[in-house]
Amino acid sequence: MAFPRGSFLEDFSPRLRACFLRRRGLFLRSMDSVPRRATRAWLRAHGGSSAEGLDSEGVRRGALDPSWVYLGRHGKLLRPLLASIVLEAFGRRPESFLPLLGMIECQEAATCSFDDVVDDSPLRRGGPSTHELHGIPLAFAAYQALYNASWSAVFDPSMPLSAEVRLAVLDALAREILAYGLGQCQELRWSRERRLVSAERYLQMSSDRIVFMSFNGPMRIGALVGGCAGARLKALVEFGTWLGMGYHLHGDELNLFPRSGDWGKAVADDVPSGRVTVLYREAWRRSSPAARRILLKPFGDPRARDSDVRAALEVVRGSGAVECNRRWIGTFRARAARALRRARLPAAGGALLSDMLRFMTETRRM
């Protein structure tokens, strides 16, 4: 099957690409749980008796339209892809768990909208951010509405799940969203204070902050629903954690030094937003006082000049920080590979997850 030039599918292995294309329509259908228009039936299902007094047109314009900014662009759909691979590895049909696959992608879209407000990012997935189109108040409110509505998927009666599994999924999500919030608050404080904390502290914060919106969540959900427990469940969640950390650091490099013209965000927006990364911290640690002044000038300054950002990027590039960042990625990739082996998945599922690991930490260009 042909795919567009410049697509992230070019960076997939052939078998991973085939798996994605086979499931893509399923993932897109899963997001239909969030309608384009607020029908009375949908409002009653999500708002109870209070829905009778809601203005359906106001709900559409105030909540659904902002929610569909990112659902409509839908990104790479990596999270439902991961969950479906795990489900299939344990003999489950992903088609039977459409509400959960939709929930995973809806929560990712909602979290992206929230993060872009926090970081004041103007672009996401190749277009204006939610708050650029609808304003910060509506972006926040729509993020909360979409996120809250997605929880109902856990209790959808159409899925063949026991009450015990439903509650286990709910419990995991509740814990992860708390860790995400605490990590996000810590990063915001560092950015406000323009603090270049140690690589170790940054990585610990990142692990907390990405635990929800990264990849151990989909791995855990797929494993729980698939009937996995004990040491194998722990290994799959660990695989997702190290996969997410590698993906995150690889993304930090792409943010500063994109490998594709189709990078979907503003180039190097981490610098004026003051977001701490291993790259920037290591460049600071390795630089002379004069170079440090170049690094600090645009850092955390939303009005930084492009020339100052470019000068800072040259310092980062020449400092050896990129190579250090890649060594961390290699460490996380090795840990993920070991965890995957401990999970003892069937050969086909293990091979697909190995391919996913290589894509997320090495071959991804956008």
# chains A, B, ... in the order shown; residues from 1 in each chain; ligands from 1

$ residues_around --residues "Trp242 in chain A" --least-positions-apart "4" --cutoff "8 Å" --atoms "only C-alpha atoms" --output "MDAnalysis selection string"
chainID A and resid 238 246 332:333 335:336

$ closest_atom_pairs --of "range 105-145 of chain A" --to "range 212-223 of chain A" --cutoff "10 Å" --atoms "only C-alpha atoms" --output "JSON lines"
{"residue": "A:Glu105", "atom": "CA", "partner": "A:Met213", "partner_atom": "CA", "distance": 9.6}
{"residue": "A:Gln107", "atom": "CA", "partner": "A:Met213", "partner_atom": "CA", "distance": 7.7}
{"residue": "A:Glu108", "atom": "CA", "partner": "A:Met213", "partner_atom": "CA", "distance": 5.8}
{"residue": "A:Ala109", "atom": "CA", "partner": "A:Met213", "partner_atom": "CA", "distance": 9.2}
{"residue": "A:Ala110", "atom": "CA", "partner": "A:Met213", "partner_atom": "CA", "distance": 9.6}
{"residue": "A:Thr111", "atom": "CA", "partner": "A:Met213", "partner_atom": "CA", "distance": 6.9}
{"residue": "A:Cys112", "atom": "CA", "partner": "A:Met213", "partner_atom": "CA", "distance": 8.4}

$ atom_distance --atom1 "CA of Glu176 in chain A" --atom2 "CA of Ser207 in chain A"
10.7 Å

$ atom_distance --atom1 "CA of Val225 in chain A" --atom2 "CA of Ser152 in chain A"
16.0 Å

$ closest_residue --among "A:Gly261, A:Gly240, A:Pro289, A:Pro66" --to "Ala145 in chain A" --atoms "only C-alpha atoms"
A:Pro66

$ residues_around --residues "Ala348 in chain A" --least-positions-apart "5" --cutoff "10 Å" --atoms "only C-alpha atoms" --output "list in words"
Arg15, Ile85, Glu88, Ala89, Leu353 and Ser354 of chain A

$ residues_around --residues "range 33-42 of chain A" --least-positions-apart "3" --cutoff "8 Å" --atoms "only C-alpha atoms" --output "list in words"
Ser30, Ala45, His46, Ala51, Glu52, Ser56, Glu57, Val59, Arg60, Leu64, Asp65, Trp68, Pro99, Gly102 and Leu146 of chain A

$ select_by_dssp --residues "range 238-325 of chain A" --states "alpha helix (DSSP H)" --output "MDAnalysis selection string"
chainID A and resid 238:256 270:273 278:286 289:296 306:319 321:325

$ residues_around --residues "Ala139 in chain A" --least-positions-apart "3" --cutoff "8 Å" --atoms "only C-alpha atoms" --output "PDB file with N, CA and C atoms, in the first residue's frame"
ATOM      1  N   PRO A  66     -12.957  22.424  20.058  1.00  0.00           N
ATOM      2  CA  PRO A  66     -11.557  22.426  20.512  1.00  0.00           C
ATOM      3  C   PRO A  66     -10.989  21.027  20.697  1.00  0.00           C
ATOM      4  N   SER A 113      -3.093  19.079  24.432  1.00  0.00           N
ATOM      5  CA  SER A 113      -3.698  20.407  24.469  1.00  0.00           C
ATOM      6  C   SER A 113      -3.302  21.144  25.746  1.00  0.00           C
ATOM      7  N   PHE A 114      -3.351  20.434  26.863  1.00  0.00           N
ATOM      8  CA  PHE A 114      -2.965  21.023  28.141  1.00  0.00           C
ATOM      9  C   PHE A 114      -1.488  21.414  28.134  1.00  0.00           C
ATOM     10  N   VAL A 117      -0.706  24.604  26.212  1.00  0.00           N
ATOM     11  CA  VAL A 117      -1.037  25.819  26.953  1.00  0.00           C
ATOM     12  C   VAL A 117       0.069  26.129  27.952  1.00  0.00           C
ATOM     13  N   THR A 130      -4.322  24.220  20.022  1.00  0.00           N
ATOM     14  CA  THR A 130      -5.718  24.430  20.408  1.00  0.00           C
ATOM     15  C   THR A 130      -5.939  25.829  20.958  1.00  0.00           C
ATOM     16  N   HIS A 131      -5.036  26.288  21.836  1.00  0.00           N
ATOM     17  CA  HIS A 131      -5.242  27.601  22.442  1.00  0.00           C
ATOM     18  C   HIS A 131      -5.005  28.736  21.458  1.00  0.00           C
ATOM     19  N   HIS A 134      -8.598  28.637  19.745  1.00  0.00           N
ATOM     20  CA  HIS A 134      -9.798  28.838  20.562  1.00  0.00           C
ATOM     21  C   HIS A 134      -9.553  29.657  21.827  1.00  0.00           C
ATOM     22  N   GLY A 135      -8.312  30.034  22.100  1.00  0.00           N
ATOM     23  CA  GLY A 135      -8.012  30.781  23.309  1.00  0.00           C
ATOM     24  C   GLY A 135      -7.709  29.862  24.479  1.00  0.00           C
ATOM     25  N   ILE A 136      -6.970  30.388  25.446  1.00  0.00           N
ATOM     26  CA  ILE A 136      -6.528  29.574  26.571  1.00  0.00           C
ATOM     27  C   ILE A 136      -7.690  29.074  27.432  1.00  0.00           C
ATOM     28  N   ALA A 142     -11.910  22.567  27.430  1.00  0.00           N
ATOM     29  CA  ALA A 142     -12.133  21.447  26.519  1.00  0.00           C
ATOM     30  C   ALA A 142     -11.234  20.274  26.860  1.00  0.00           C
ATOM     31  N   TYR A 143      -9.979  20.576  27.247  1.00  0.00           N
ATOM     32  CA  TYR A 143      -9.082  19.512  27.701  1.00  0.00           C
ATOM     33  C   TYR A 143      -9.711  18.739  28.854  1.00  0.00           C
TER      34      TYR A 143
END

$ closest_residue --among "A:Ala168, A:Met205, A:Leu352, A:Leu224" --to "Leu188 in chain A" --atoms "only C-alpha atoms"
A:Met205

$ residues_around --residues "Met356 in chain A" --least-positions-apart "6" --cutoff "12 Å" --atoms "only C-alpha atoms" --output "NGL selection string"
:A and (9 or 11-17 or 19-20 or 78-79 or 81-82 or 85 or 215 or 239-240 or 243-244 or 246-247 or 333 or 336-337 or 340 or 349-350 or 362-364)

$ decode --residues "range 45-84 of chain A" --atoms "N, CA and C atoms" --output "mmCIF file, in the first residue's frame"
data_model
loop_
_atom_site.group_PDB
_atom_site.id
_atom_site.type_symbol
_atom_site.label_atom_id
_atom_site.label_comp_id
_atom_site.auth_asym_id
_atom_site.auth_seq_id
_atom_site.Cartn_x
_atom_site.Cartn_y
_atom_site.Cartn_z
ATOM 1 N N ALA A 45 -25.634 10.533 28.371
ATOM 2 C CA ALA A 45 -24.708 9.471 28.762
ATOM 3 C C ALA A 45 -23.539 10.006 29.576
ATOM 4 N N HIS A 46 -23.163 11.256 29.330
ATOM 5 C CA HIS A 46 -21.982 11.802 29.998
ATOM 6 C C HIS A 46 -22.304 12.862 31.041
ATOM 7 N N GLY A 47 -23.507 13.386 31.016
ATOM 8 C CA GLY A 47 -23.839 14.450 31.956
ATOM 9 C C GLY A 47 -24.988 14.152 32.877
ATOM 10 N N GLY A 48 -25.601 12.967 32.743
ATOM 11 C CA GLY A 48 -26.707 12.613 33.622
ATOM 12 C C GLY A 48 -27.884 13.547 33.446
ATOM 13 N N SER A 49 -28.621 13.777 34.507
ATOM 14 C CA SER A 49 -29.820 14.604 34.426
ATOM 15 C C SER A 49 -29.497 16.057 34.111
ATOM 16 N N SER A 50 -28.291 16.500 34.476
ATOM 17 C CA SER A 50 -27.925 17.892 34.207
ATOM 18 C C SER A 50 -27.829 18.180 32.719
ATOM 19 N N ALA A 51 -27.706 17.129 31.901
ATOM 20 C CA ALA A 51 -27.577 17.318 30.455
ATOM 21 C C ALA A 51 -28.821 17.944 29.853
ATOM 22 N N GLU A 52 -29.965 17.772 30.488
ATOM 23 C CA GLU A 52 -31.204 18.294 29.924
ATOM 24 C C GLU A 52 -31.152 19.812 29.791
ATOM 25 N N GLY A 53 -30.391 20.472 30.663
ATOM 26 C CA GLY A 53 -30.345 21.926 30.609
ATOM 27 C C GLY A 53 -29.185 22.479 29.808
ATOM 28 N N LEU A 54 -28.387 21.619 29.201
ATOM 29 C CA LEU A 54 -27.221 22.082 28.465
ATOM 30 C C LEU A 54 -27.591 22.541 27.063
ATOM 31 N N ASP A 55 -26.906 23.539 26.594
ATOM 32 C CA ASP A 55 -27.057 24.052 25.237
ATOM 33 C C ASP A 55 -26.171 23.214 24.319
ATOM 34 N N SER A 56 -26.767 22.375 23.478
ATOM 35 C CA SER A 56 -25.974 21.456 22.660
ATOM 36 C C SER A 56 -25.047 22.202 21.706
ATOM 37 N N GLU A 57 -25.499 23.335 21.171
ATOM 38 C CA GLU A 57 -24.644 24.103 20.270
ATOM 39 C C GLU A 57 -23.482 24.718 21.045
ATOM 40 N N GLY A 58 -23.756 25.169 22.259
ATOM 41 C CA GLY A 58 -22.688 25.710 23.084
ATOM 42 C C GLY A 58 -21.669 24.647 23.454
ATOM 43 N N VAL A 59 -22.131 23.417 23.718
ATOM 44 C CA VAL A 59 -21.219 22.317 24.016
ATOM 45 C C VAL A 59 -20.354 22.012 22.800
ATOM 46 N N ARG A 60 -20.966 22.039 21.620
ATOM 47 C CA ARG A 60 -20.187 21.765 20.404
ATOM 48 C C ARG A 60 -19.086 22.797 20.220
ATOM 49 N N ARG A 61 -19.475 24.075 20.295
ATOM 50 C CA ARG A 61 -18.500 25.128 20.031
ATOM 51 C C ARG A 61 -17.484 25.288 21.160
ATOM 52 N N GLY A 62 -17.936 25.048 22.395
ATOM 53 C CA GLY A 62 -17.061 25.283 23.529
ATOM 54 C C GLY A 62 -16.203 24.095 23.928
ATOM 55 N N ALA A 63 -16.674 22.872 23.631
ATOM 56 C CA ALA A 63 -15.936 21.686 24.076
ATOM 57 C C ALA A 63 -15.543 20.769 22.931
ATOM 58 N N LEU A 64 -16.486 20.449 22.054
ATOM 59 C CA LEU A 64 -16.196 19.447 21.025
ATOM 60 C C LEU A 64 -15.298 20.001 19.921
ATOM 61 N N ASP A 65 -15.563 21.219 19.462
ATOM 62 C CA ASP A 65 -14.710 21.786 18.413
ATOM 63 C C ASP A 65 -13.249 21.892 18.868
ATOM 64 N N PRO A 66 -12.957 22.424 20.058
ATOM 65 C CA PRO A 66 -11.557 22.426 20.512
ATOM 66 C C PRO A 66 -10.989 21.027 20.697
ATOM 67 N N SER A 67 -11.809 20.076 21.146
ATOM 68 C CA SER A 67 -11.324 18.708 21.330
ATOM 69 C C SER A 67 -10.913 18.075 20.014
ATOM 70 N N TRP A 68 -11.651 18.413 18.954
ATOM 71 C CA TRP A 68 -11.380 17.789 17.661
ATOM 72 C C TRP A 68 -10.213 18.436 16.904
ATOM 73 N N VAL A 69 -9.629 19.512 17.465
ATOM 74 C CA VAL A 69 -8.443 20.084 16.817
ATOM 75 C C VAL A 69 -7.362 19.017 16.711
ATOM 76 N N TYR A 70 -7.064 18.315 17.816
ATOM 77 C CA TYR A 70 -6.022 17.293 17.797
ATOM 78 C C TYR A 70 -6.563 15.919 17.446
ATOM 79 N N LEU A 71 -7.805 15.632 17.799
ATOM 80 C CA LEU A 71 -8.369 14.349 17.374
ATOM 81 C C LEU A 71 -8.436 14.284 15.854
ATOM 82 N N GLY A 72 -8.747 15.414 15.228
ATOM 83 C CA GLY A 72 -8.822 15.441 13.763
ATOM 84 C C GLY A 72 -7.472 15.256 13.107
ATOM 85 N N ARG A 73 -6.410 15.760 13.745
ATOM 86 C CA ARG A 73 -5.066 15.564 13.188
ATOM 87 C C ARG A 73 -4.515 14.191 13.588
ATOM 88 N N HIS A 74 -4.915 13.736 14.711
ATOM 89 C CA HIS A 74 -4.705 12.380 15.252
ATOM 90 C C HIS A 74 -3.270 11.866 15.316
ATOM 91 N N GLY A 75 -2.285 12.638 15.014
ATOM 92 C CA GLY A 75 -0.907 12.222 15.261
ATOM 93 C C GLY A 75 -0.560 10.871 14.641
ATOM 94 N N LYS A 76 0.339 10.167 15.301
ATOM 95 C CA LYS A 76 0.817 8.888 14.767
ATOM 96 C C LYS A 76 0.018 7.695 15.278
ATOM 97 N N LEU A 77 -0.867 7.916 16.245
ATOM 98 C CA LEU A 77 -1.693 6.830 16.806
ATOM 99 C C LEU A 77 -0.830 5.715 17.391
ATOM 100 N N LEU A 78 0.317 6.082 17.948
ATOM 101 C CA LEU A 78 1.244 5.070 18.470
ATOM 102 C C LEU A 78 0.697 4.375 19.709
ATOM 103 N N ARG A 79 -0.042 5.086 20.519
ATOM 104 C CA ARG A 79 -0.515 4.492 21.773
ATOM 105 C C ARG A 79 -1.565 3.420 21.552
ATOM 106 N N PRO A 80 -2.603 3.675 20.767
ATOM 107 C CA PRO A 80 -3.512 2.562 20.468
ATOM 108 C C PRO A 80 -2.841 1.436 19.680
ATOM 109 N N LEU A 81 -1.832 1.778 18.872
ATOM 110 C CA LEU A 81 -1.102 0.739 18.158
ATOM 111 C C LEU A 81 -0.398 -0.186 19.152
ATOM 112 N N LEU A 82 0.271 0.384 20.146
ATOM 113 C CA LEU A 82 0.942 -0.429 21.163
ATOM 114 C C LEU A 82 -0.048 -1.316 21.897
ATOM 115 N N ALA A 83 -1.164 -0.718 22.338
ATOM 116 C CA ALA A 83 -2.163 -1.498 23.075
ATOM 117 C C ALA A 83 -2.707 -2.633 22.228
ATOM 118 N N SER A 84 -2.932 -2.382 20.941
ATOM 119 C CA SER A 84 -3.487 -3.426 20.076
ATOM 120 C C SER A 84 -2.490 -4.557 19.846
#
